[in-house]
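Text of query-v1.txt, listed as compact mmCIF, C-alpha atoms:
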# COMPACT_ATOMS: atom_id res chain seq x y z
CA MET R 1 173.07 -61.18 -43.16
CA GLY R 2 172.27 -64.65 -44.48
CA LYS R 3 169.42 -65.27 -46.84
CA HIS R 4 167.57 -67.87 -44.78
CA LEU R 5 167.56 -66.88 -41.15
CA VAL R 6 164.48 -68.90 -40.25
CA GLY R 7 165.49 -72.37 -39.14
CA ASN R 8 163.33 -75.24 -37.96
CA HIS R 9 163.30 -78.53 -36.06
CA ILE R 10 160.90 -80.26 -38.43
CA ARG R 11 163.02 -83.32 -39.12
CA LYS R 12 163.59 -83.96 -35.38
CA LEU R 13 159.93 -83.33 -34.57
CA ARG R 14 158.78 -85.73 -37.29
CA PHE R 15 161.01 -88.40 -35.81
CA ASN R 16 159.61 -87.75 -32.33
CA HIS R 17 156.03 -87.95 -33.61
CA ASN R 18 155.99 -91.67 -34.39
CA GLU R 19 158.44 -91.18 -37.27
CA MET R 20 155.89 -89.20 -39.22
CA THR R 21 156.67 -89.24 -42.95
CA GLN R 22 157.22 -86.08 -44.98
CA GLN R 23 154.05 -86.87 -46.92
CA GLN R 24 152.00 -87.20 -43.72
CA LEU R 25 153.23 -83.83 -42.46
CA ALA R 26 152.63 -82.31 -45.90
CA ASP R 27 149.02 -83.57 -45.83
CA LEU R 28 148.48 -82.17 -42.33
CA ALA R 29 149.95 -78.78 -43.28
CA GLY R 30 148.23 -78.65 -46.65
CA VAL R 31 151.38 -78.43 -48.78
CA THR R 32 153.27 -80.74 -51.12
CA ARG R 33 156.06 -83.04 -49.95
CA GLN R 34 158.49 -80.89 -51.98
CA THR R 35 157.83 -77.98 -49.62
CA ILE R 36 158.57 -80.11 -46.54
CA VAL R 37 161.79 -81.31 -48.20
CA SER R 38 162.82 -77.70 -48.91
CA LEU R 39 161.98 -76.63 -45.36
CA GLU R 40 163.99 -79.46 -43.81
CA LYS R 41 166.98 -78.65 -46.01
CA GLY R 42 166.75 -75.01 -44.88
CA ASN R 43 166.20 -73.94 -48.48
CA TYR R 44 162.91 -72.20 -47.89
CA SER R 45 161.49 -69.88 -45.24
CA PRO R 46 157.75 -70.53 -44.96
CA SER R 47 155.03 -67.94 -44.85
CA LEU R 48 153.67 -67.12 -41.42
CA GLU R 49 150.48 -69.01 -42.22
CA LEU R 50 152.33 -72.16 -43.22
CA ALA R 51 154.58 -71.91 -40.15
CA PHE R 52 151.47 -71.85 -37.94
CA ARG R 53 149.95 -74.79 -39.81
CA ILE R 54 153.11 -76.88 -39.34
CA ALA R 55 153.31 -75.96 -35.65
CA ARG R 56 149.66 -76.94 -35.26
CA ALA R 57 150.36 -80.30 -36.96
CA PHE R 58 152.83 -81.04 -34.15
CA ASN R 59 150.59 -79.50 -31.45
CA LEU R 60 153.42 -77.12 -30.57
CA SER R 61 153.91 -73.38 -30.47
CA LEU R 62 155.62 -71.57 -33.33
CA GLU R 63 158.81 -71.01 -31.33
CA GLU R 64 159.14 -74.71 -30.60
CA VAL R 65 159.22 -75.54 -34.31
CA PHE R 66 160.88 -72.49 -35.85
CA PHE R 67 163.66 -70.23 -34.69
CA TYR R 68 165.25 -67.08 -35.94
CA GLY R 69 168.99 -66.45 -35.89
CA ASP R 70 172.35 -66.68 -37.60
CA ASN R 71 172.78 -70.37 -36.79
CA ILE R 72 170.01 -71.93 -38.80
CA LYS R 73 171.16 -75.55 -38.73
CA PRO R 74 168.61 -77.49 -36.66
CA MET D 1 164.06 -86.64 -56.10
CA THR D 2 160.54 -85.21 -55.75
CA TYR D 3 157.75 -85.04 -58.32
CA GLN D 4 158.37 -81.36 -59.04
CA GLU D 5 162.09 -81.87 -59.66
CA LYS D 6 161.47 -84.80 -61.98
CA LYS D 7 158.75 -82.87 -63.80
CA SER D 8 161.08 -79.88 -64.33
CA ILE D 9 163.77 -82.15 -65.79
CA VAL D 10 161.25 -83.85 -68.10
CA SER D 11 159.93 -80.45 -69.16
CA LEU D 12 163.43 -79.16 -69.91
CA ILE D 13 164.34 -82.21 -71.98
CA SER D 14 161.01 -82.24 -73.83
CA VAL D 15 161.31 -78.54 -74.74
CA ILE D 16 164.73 -79.19 -76.30
CA LEU D 17 163.60 -82.39 -78.07
CA ILE D 18 160.37 -80.89 -79.44
CA PHE D 19 162.12 -77.78 -80.76
CA GLY D 20 165.07 -79.73 -82.17
CA SER D 21 162.97 -82.34 -83.93
CA PHE D 22 160.56 -79.73 -85.30
CA CYS D 23 163.44 -77.69 -86.72
CA LEU D 24 164.88 -80.81 -88.34
CA TYR D 25 161.45 -81.56 -89.84
CA MET D 26 160.87 -78.03 -91.16
CA TYR D 27 164.40 -77.23 -92.38
CA PRO D 28 164.16 -79.23 -95.67
CA GLN D 29 160.87 -77.49 -96.49
CA HIS D 30 162.45 -74.02 -96.59
CA PRO D 31 161.38 -72.37 -99.90
CA GLU D 32 163.94 -71.48 -102.55
CA GLY D 33 162.51 -68.03 -103.28
CA GLY D 34 164.06 -64.67 -102.33
CA LEU D 35 164.41 -63.62 -98.74
CA GLY D 36 161.43 -61.29 -98.81
CA SER D 37 159.18 -63.37 -101.06
CA SER D 38 155.62 -64.12 -99.95
CA GLU D 39 156.44 -67.84 -99.99
CA THR D 40 159.25 -67.30 -97.48
CA LEU D 41 157.01 -65.22 -95.21
CA ARG D 42 154.33 -67.90 -95.47
CA TYR D 43 156.90 -70.52 -94.51
CA TRP D 44 157.97 -68.64 -91.38
CA GLY D 45 154.38 -67.83 -90.44
CA SER D 46 153.42 -71.50 -90.63
CA PHE D 47 156.64 -72.44 -88.79
CA VAL D 48 155.63 -70.31 -85.79
CA LEU D 49 151.99 -71.39 -85.80
CA ILE D 50 152.63 -75.12 -86.24
CA LEU D 51 155.46 -75.04 -83.66
CA THR D 52 153.10 -73.42 -81.15
CA LEU D 53 150.40 -76.05 -81.75
CA VAL D 54 152.84 -78.97 -81.78
CA SER D 55 154.48 -77.73 -78.55
CA ILE D 56 151.16 -77.45 -76.72
CA VAL D 57 149.97 -80.90 -77.81
CA ALA D 58 153.36 -82.53 -77.16
CA HIS D 59 153.60 -80.95 -73.69
CA ILE D 60 150.14 -82.24 -72.76
CA VAL D 61 150.94 -85.75 -74.03
CA ILE D 62 154.35 -85.81 -72.31
CA SER D 63 152.81 -84.52 -69.07
CA ILE D 64 150.16 -87.28 -69.08
CA MET D 65 152.76 -89.94 -69.90
CA PHE D 66 155.06 -88.61 -67.17
CA ASN D 67 152.27 -88.77 -64.58
CA ILE D 68 151.42 -92.35 -65.55
CA ILE D 69 155.07 -93.45 -65.39
CA PHE D 70 155.55 -91.56 -62.09
CA ARG D 71 152.56 -93.34 -60.52
CA ILE D 72 153.70 -96.76 -61.74
CA THR D 73 157.35 -96.41 -60.71
CA THR D 74 156.96 -94.62 -57.36
CA LYS D 75 153.47 -95.84 -56.34
CA GLU D 76 152.83 -92.22 -55.31
CA LYS D 77 150.11 -89.87 -56.52
CA GLU D 78 151.24 -86.62 -58.07
CA PRO D 79 150.32 -83.47 -56.07
CA ALA D 80 146.81 -82.34 -56.99
CA PHE D 81 147.42 -78.70 -56.12
CA ALA D 82 150.10 -76.00 -56.14
CA ASP D 83 151.14 -74.71 -52.71
CA GLU D 84 152.88 -71.44 -51.83
CA LEU D 85 156.36 -72.70 -52.80
CA ASP D 86 155.08 -73.92 -56.17
CA LYS D 87 153.44 -70.55 -56.81
CA PHE D 88 156.59 -68.59 -55.86
CA ILE D 89 158.72 -70.74 -58.14
CA GLU D 90 156.15 -70.51 -60.95
CA LEU D 91 156.25 -66.71 -60.67
CA LYS D 92 160.05 -66.62 -60.80
CA ALA D 93 160.07 -68.97 -63.80
CA HIS D 94 157.53 -66.78 -65.61
CA ARG D 95 159.49 -63.62 -64.82
CA ASN D 96 162.78 -65.03 -66.16
CA SER D 97 161.07 -66.61 -69.15
CA PHE D 98 159.25 -63.39 -70.02
CA PHE D 99 162.46 -61.37 -69.62
CA ILE D 100 164.30 -63.56 -72.15
CA PHE D 101 161.43 -63.39 -74.62
CA ILE D 102 161.19 -59.59 -74.36
CA ILE D 103 164.94 -59.28 -75.06
CA GLY D 104 164.45 -61.51 -78.12
CA PHE D 105 161.45 -59.49 -79.25
CA LEU D 106 163.41 -56.23 -78.98
CA LEU D 107 166.34 -57.76 -80.86
CA ALA D 108 163.93 -58.97 -83.57
CA MET D 109 162.49 -55.48 -83.97
CA GLY D 110 166.01 -54.05 -83.91
CA SER D 111 167.00 -56.35 -86.77
CA LEU D 112 164.29 -54.73 -88.92
CA ILE D 113 165.57 -51.25 -88.05
CA ILE D 114 169.08 -52.10 -89.25
CA TYR D 115 167.65 -53.41 -92.56
CA GLN D 116 168.09 -57.11 -91.90
CA PRO D 117 165.79 -59.42 -93.90
CA SER D 118 162.42 -60.23 -92.34
CA GLN D 119 163.59 -63.83 -92.15
CA MET D 120 166.08 -62.72 -89.51
CA MET D 121 163.25 -61.30 -87.40
CA PHE D 122 161.41 -64.63 -87.49
CA VAL D 123 164.54 -66.58 -86.61
CA ILE D 124 165.27 -64.32 -83.63
CA LEU D 125 161.65 -64.53 -82.45
CA ILE D 126 161.60 -68.34 -82.70
CA ILE D 127 164.95 -68.72 -80.94
CA SER D 128 163.92 -66.32 -78.17
CA GLY D 129 160.68 -68.29 -77.73
CA PHE D 130 162.70 -71.48 -77.40
CA LEU D 131 165.21 -69.90 -75.00
CA SER D 132 162.44 -68.42 -72.86
CA ASP D 133 160.86 -71.87 -72.58
CA VAL D 134 164.20 -73.41 -71.60
CA THR D 135 164.82 -70.60 -69.11
CA GLY D 136 161.42 -71.17 -67.49
CA SER D 137 162.00 -74.89 -67.07
CA PHE D 138 165.57 -74.37 -65.87
CA THR D 139 164.47 -71.73 -63.33
CA LYS D 140 161.93 -74.17 -61.88
CA LEU D 141 164.51 -76.94 -61.67
CA TYR D 142 167.07 -74.60 -60.07
CA HIS D 143 164.69 -73.33 -57.38
CA TYR D 144 163.24 -76.75 -56.58
CA ARG D 145 166.75 -78.09 -56.06
CA LYS D 146 168.54 -75.12 -54.54
CA GLY D 147 165.68 -73.50 -52.68
CA PHE D 148 163.89 -70.19 -52.84
Using structure tokens, write down the structure from this file.
Amino acid sequence: MGKHLVGNHIRKLRFNHNEMTQQQLADLAGVTRQTIVSLEKGNYSPSLELAFRIARAFNLSLEEVFFYGDNIKP
Amino acid sequence: MTYQEKKSIVSLISVILIFGSFCLYMYPQHPEGGLGSSETLRYWGSFVLILTLVSIVAHIVISIMFNIIFRITTKEKEPAFADELDKFIELKAHRNSFFIFIIGFLLAMGSLIIYQPSQMMFVILIISGFLSDVTGSFTKLYHYRKGF
């Protein structure tokens, strides 16, 4: 079992949302840019609360932003 | 490279530089008396106290200077808060740092049990303090770069 099984489509979603910057998403989600960088690299699995905040920033459901499985590359 | 990564690198380098330069400054002042003399104990006592004070002041000054340089060079503002990732990494850094210092503390006490001079205890304590600081900074750098 891999360490990080929670993947995400954050980079793609940022691009599709008027090329939103990492800093803009970080401000919307209430985290630092470092955390967005780590999430996009797949180095960090967010807390449930943060996952909801990021999904809300994109106006999407949790499943549309995050996924769970062995293949974590977005 | 993000603010946190740069700050961890600066912290790591400053810890090494502060400790190294302080040791170089204090080394010539080592008293000539016997190993257990009151003058020697006074020397090591002042070494620990002054190093603690100098480290705190130097870290504050370096942190302020780093923030100013960061703002000028990147035109970005440093994060005003610590989010969940920062707190997780901070906890890991504290745990590793504390672990190293406790090992050093136990070794220092052990040196007294096996009849080593009290000077040895101070040296082990000071080195373990330095290593725990380095470990803390390195842990932060590692987790910011490699993930958590």
Report as a PyMOL selection string all protein, DNA and RNA residues lying within 7 Å of stretch 53-64 of chain R, evaluated on all atoms listed in the file, omitting residues in the same chain fewer than 3 positions from it. chain R and resi 28-29+49-50+67
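Considering the residues R:Val31, R:Ala26, R:Leu13, R:Leu5 and counting all atoms listed in the file, chain D has its shortest atom-to-atom contact with R:Val31.
The smallest atom-to-atom distance between chain D and any of R:Val65, R:Ala51, R:Leu39, R:Met20, using only C-alpha atoms, is found for R:Leu39.
Compared by their closest atoms to R:Val37, and using only C-alpha atoms, the residues D:Tyr3, D:Ala58, D:Gly45, D:Tyr142 rank with D:Tyr3 nearest.
All chain R residues having an atom within 10 Å of chain D, based on all atoms listed in the file, amount to Lys3, His4, Gly30, Val31, Thr32, Arg33, Gln34, Thr35, Ile36, Val37, Ser38, Leu39, Lys41, Gly42, Asn43, Tyr44, Ser45, Pro46, Ser47 and Leu50 of chain R.
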Between atom CA of R:Glu40 and atom CA of D:Leu91, what is the distance in Å, rounded to a tenth? 22.5 Å
Mind checking which residues fall within 12 Å of D:Arg95, counting only C-alpha atoms, ignoring those fewer than 4 positions away in the same chain, and posting them as an MDAnalysis selection string? chainID D and resid 88:91 99:102 132:133 135:137 139:140
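Using only C-alpha atoms, the nearest neighbour of D:Phe122 within the list D:Val134, D:Leu107, D:Leu141, D:Ile13 is D:Leu107.
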Kindly give the distance, in Å, that separates atom CA of D:Val54 and atom CA of D:Phe19, rounded to a single decimal. 9.4 Å
Kindly provide, as AutoDock Vina command-line options, the centre and edge lengths (Å, one decimal) of an axis-aligned box around all atoms of stretch 133-143 of chain D given in the file, with 8 Å on each side.
--center_x 164.0 --center_y -73.8 --center_z -65.0 --size_x 22.2 --size_y 22.3 --size_z 31.2
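Residue nearest D:Leu53, chosen from D:Phe22, D:Glu32, D:Tyr27, D:Ile72 and counting only C-alpha atoms: D:Phe22.
The gap separating atom CA of D:Asn67 from atom CA of D:Ser21 is 23.0 Å, in Å to one decimal.
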Rebuild stretch 115-126 of chain D to all heavy atoms - output it as an mmCIF file, in the coordinates of the input, please.
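Final file, out-v8.cif:
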data_model
loop_
_atom_site.group_PDB
_atom_site.id
_atom_site.type_symbol
_atom_site.label_atom_id
_atom_site.label_comp_id
_atom_site.auth_asym_id
_atom_site.auth_seq_id
_atom_site.Cartn_x
_atom_site.Cartn_y
_atom_site.Cartn_z
ATOM 1 N N TYR D 115 167.850 -52.894 -91.188
ATOM 2 C CA TYR D 115 167.650 -53.410 -92.560
ATOM 3 C C TYR D 115 168.062 -54.867 -92.752
ATOM 4 O O TYR D 115 168.543 -55.250 -93.817
ATOM 5 C CB TYR D 115 168.394 -52.525 -93.577
ATOM 6 C CG TYR D 115 167.939 -51.096 -93.545
ATOM 7 C CD1 TYR D 115 168.762 -50.105 -93.009
ATOM 8 C CD2 TYR D 115 166.682 -50.722 -94.029
ATOM 9 C CE1 TYR D 115 168.336 -48.782 -92.952
ATOM 10 C CE2 TYR D 115 166.256 -49.406 -93.966
ATOM 11 C CZ TYR D 115 167.082 -48.446 -93.429
ATOM 12 O OH TYR D 115 166.657 -47.156 -93.368
ATOM 13 N N GLN D 116 167.877 -55.674 -91.733
ATOM 14 C CA GLN D 116 168.090 -57.110 -91.900
ATOM 15 C C GLN D 116 166.842 -57.708 -92.569
ATOM 16 O O GLN D 116 165.750 -57.152 -92.450
ATOM 17 C CB GLN D 116 168.294 -57.785 -90.531
ATOM 18 C CG GLN D 116 169.580 -57.396 -89.827
ATOM 19 C CD GLN D 116 170.808 -57.793 -90.608
ATOM 20 O OE1 GLN D 116 170.949 -58.929 -91.030
ATOM 21 N NE2 GLN D 116 171.695 -56.830 -90.854
ATOM 22 N N PRO D 117 166.981 -58.825 -93.271
ATOM 23 C CA PRO D 117 165.790 -59.420 -93.900
ATOM 24 C C PRO D 117 164.755 -59.859 -92.858
ATOM 25 O O PRO D 117 165.115 -60.170 -91.724
ATOM 26 C CB PRO D 117 166.350 -60.636 -94.646
ATOM 27 C CG PRO D 117 167.703 -60.865 -94.096
ATOM 28 C CD PRO D 117 168.199 -59.566 -93.571
ATOM 29 N N SER D 118 163.491 -59.865 -93.292
ATOM 30 C CA SER D 118 162.420 -60.230 -92.340
ATOM 31 C C SER D 118 162.609 -61.647 -91.802
ATOM 32 O O SER D 118 162.153 -61.972 -90.706
ATOM 33 C CB SER D 118 161.054 -60.099 -93.016
ATOM 34 O OG SER D 118 161.031 -60.885 -94.180
ATOM 35 N N GLN D 119 163.296 -62.463 -92.589
ATOM 36 C CA GLN D 119 163.590 -63.830 -92.150
ATOM 37 C C GLN D 119 164.366 -63.817 -90.829
ATOM 38 O O GLN D 119 164.129 -64.641 -89.942
ATOM 39 C CB GLN D 119 164.423 -64.502 -93.234
ATOM 40 C CG GLN D 119 164.693 -65.949 -92.990
ATOM 41 C CD GLN D 119 165.130 -66.635 -94.269
ATOM 42 O OE1 GLN D 119 164.327 -67.220 -94.966
ATOM 43 N NE2 GLN D 119 166.404 -66.542 -94.574
ATOM 44 N N MET D 120 165.266 -62.851 -90.719
ATOM 45 C CA MET D 120 166.080 -62.720 -89.510
ATOM 46 C C MET D 120 165.194 -62.460 -88.292
ATOM 47 O O MET D 120 165.408 -63.022 -87.204
ATOM 48 C CB MET D 120 167.082 -61.573 -89.692
ATOM 49 C CG MET D 120 167.940 -61.291 -88.483
ATOM 50 S SD MET D 120 169.137 -62.580 -88.186
ATOM 51 C CE MET D 120 170.472 -62.056 -89.245
ATOM 52 N N MET D 121 164.172 -61.608 -88.496
ATOM 53 C CA MET D 121 163.250 -61.300 -87.400
ATOM 54 C C MET D 121 162.563 -62.572 -86.907
ATOM 55 O O MET D 121 162.461 -62.816 -85.701
ATOM 56 C CB MET D 121 162.204 -60.291 -87.865
ATOM 57 C CG MET D 121 161.217 -59.934 -86.787
ATOM 58 S SD MET D 121 159.705 -59.245 -87.439
ATOM 59 C CE MET D 121 158.944 -60.647 -88.221
ATOM 60 N N PHE D 122 162.098 -63.392 -87.869
ATOM 61 C CA PHE D 122 161.410 -64.630 -87.490
ATOM 62 C C PHE D 122 162.353 -65.575 -86.741
ATOM 63 O O PHE D 122 161.968 -66.184 -85.736
ATOM 64 C CB PHE D 122 160.837 -65.334 -88.718
ATOM 65 C CG PHE D 122 159.541 -64.739 -89.185
ATOM 66 C CD1 PHE D 122 159.496 -63.966 -90.332
ATOM 67 C CD2 PHE D 122 158.378 -64.935 -88.467
ATOM 68 C CE1 PHE D 122 158.301 -63.412 -90.757
ATOM 69 C CE2 PHE D 122 157.177 -64.382 -88.892
ATOM 70 C CZ PHE D 122 157.134 -63.615 -90.045
ATOM 71 N N VAL D 123 163.583 -65.676 -87.250
ATOM 72 C CA VAL D 123 164.540 -66.580 -86.610
ATOM 73 C C VAL D 123 164.808 -66.144 -85.171
ATOM 74 O O VAL D 123 164.798 -66.957 -84.239
ATOM 75 C CB VAL D 123 165.860 -66.644 -87.431
ATOM 76 C CG1 VAL D 123 166.944 -67.386 -86.651
ATOM 77 C CG2 VAL D 123 165.625 -67.326 -88.765
ATOM 78 N N ILE D 124 165.004 -64.820 -84.990
ATOM 79 C CA ILE D 124 165.270 -64.320 -83.630
ATOM 80 C C ILE D 124 164.064 -64.567 -82.719
ATOM 81 O O ILE D 124 164.210 -64.984 -81.567
ATOM 82 C CB ILE D 124 165.646 -62.816 -83.652
ATOM 83 C CG1 ILE D 124 166.969 -62.621 -84.390
ATOM 84 C CG2 ILE D 124 165.765 -62.258 -82.231
ATOM 85 C CD1 ILE D 124 167.344 -61.170 -84.652
ATOM 86 N N LEU D 125 162.866 -64.317 -83.252
ATOM 87 C CA LEU D 125 161.650 -64.530 -82.450
ATOM 88 C C LEU D 125 161.510 -65.997 -82.037
ATOM 89 O O LEU D 125 161.195 -66.293 -80.883
ATOM 90 C CB LEU D 125 160.403 -64.113 -83.240
ATOM 91 C CG LEU D 125 160.005 -62.641 -83.198
ATOM 92 C CD1 LEU D 125 158.741 -62.423 -84.018
ATOM 93 C CD2 LEU D 125 159.786 -62.164 -81.771
ATOM 94 N N ILE D 126 161.754 -66.899 -82.991
ATOM 95 C CA ILE D 126 161.600 -68.340 -82.700
ATOM 96 C C ILE D 126 162.646 -68.788 -81.681
ATOM 97 O O ILE D 126 162.331 -69.485 -80.713
ATOM 98 C CB ILE D 126 161.706 -69.160 -84.011
ATOM 99 C CG1 ILE D 126 160.464 -68.908 -84.871
ATOM 100 C CG2 ILE D 126 161.850 -70.643 -83.722
ATOM 101 C CD1 ILE D 126 160.602 -69.332 -86.309
#
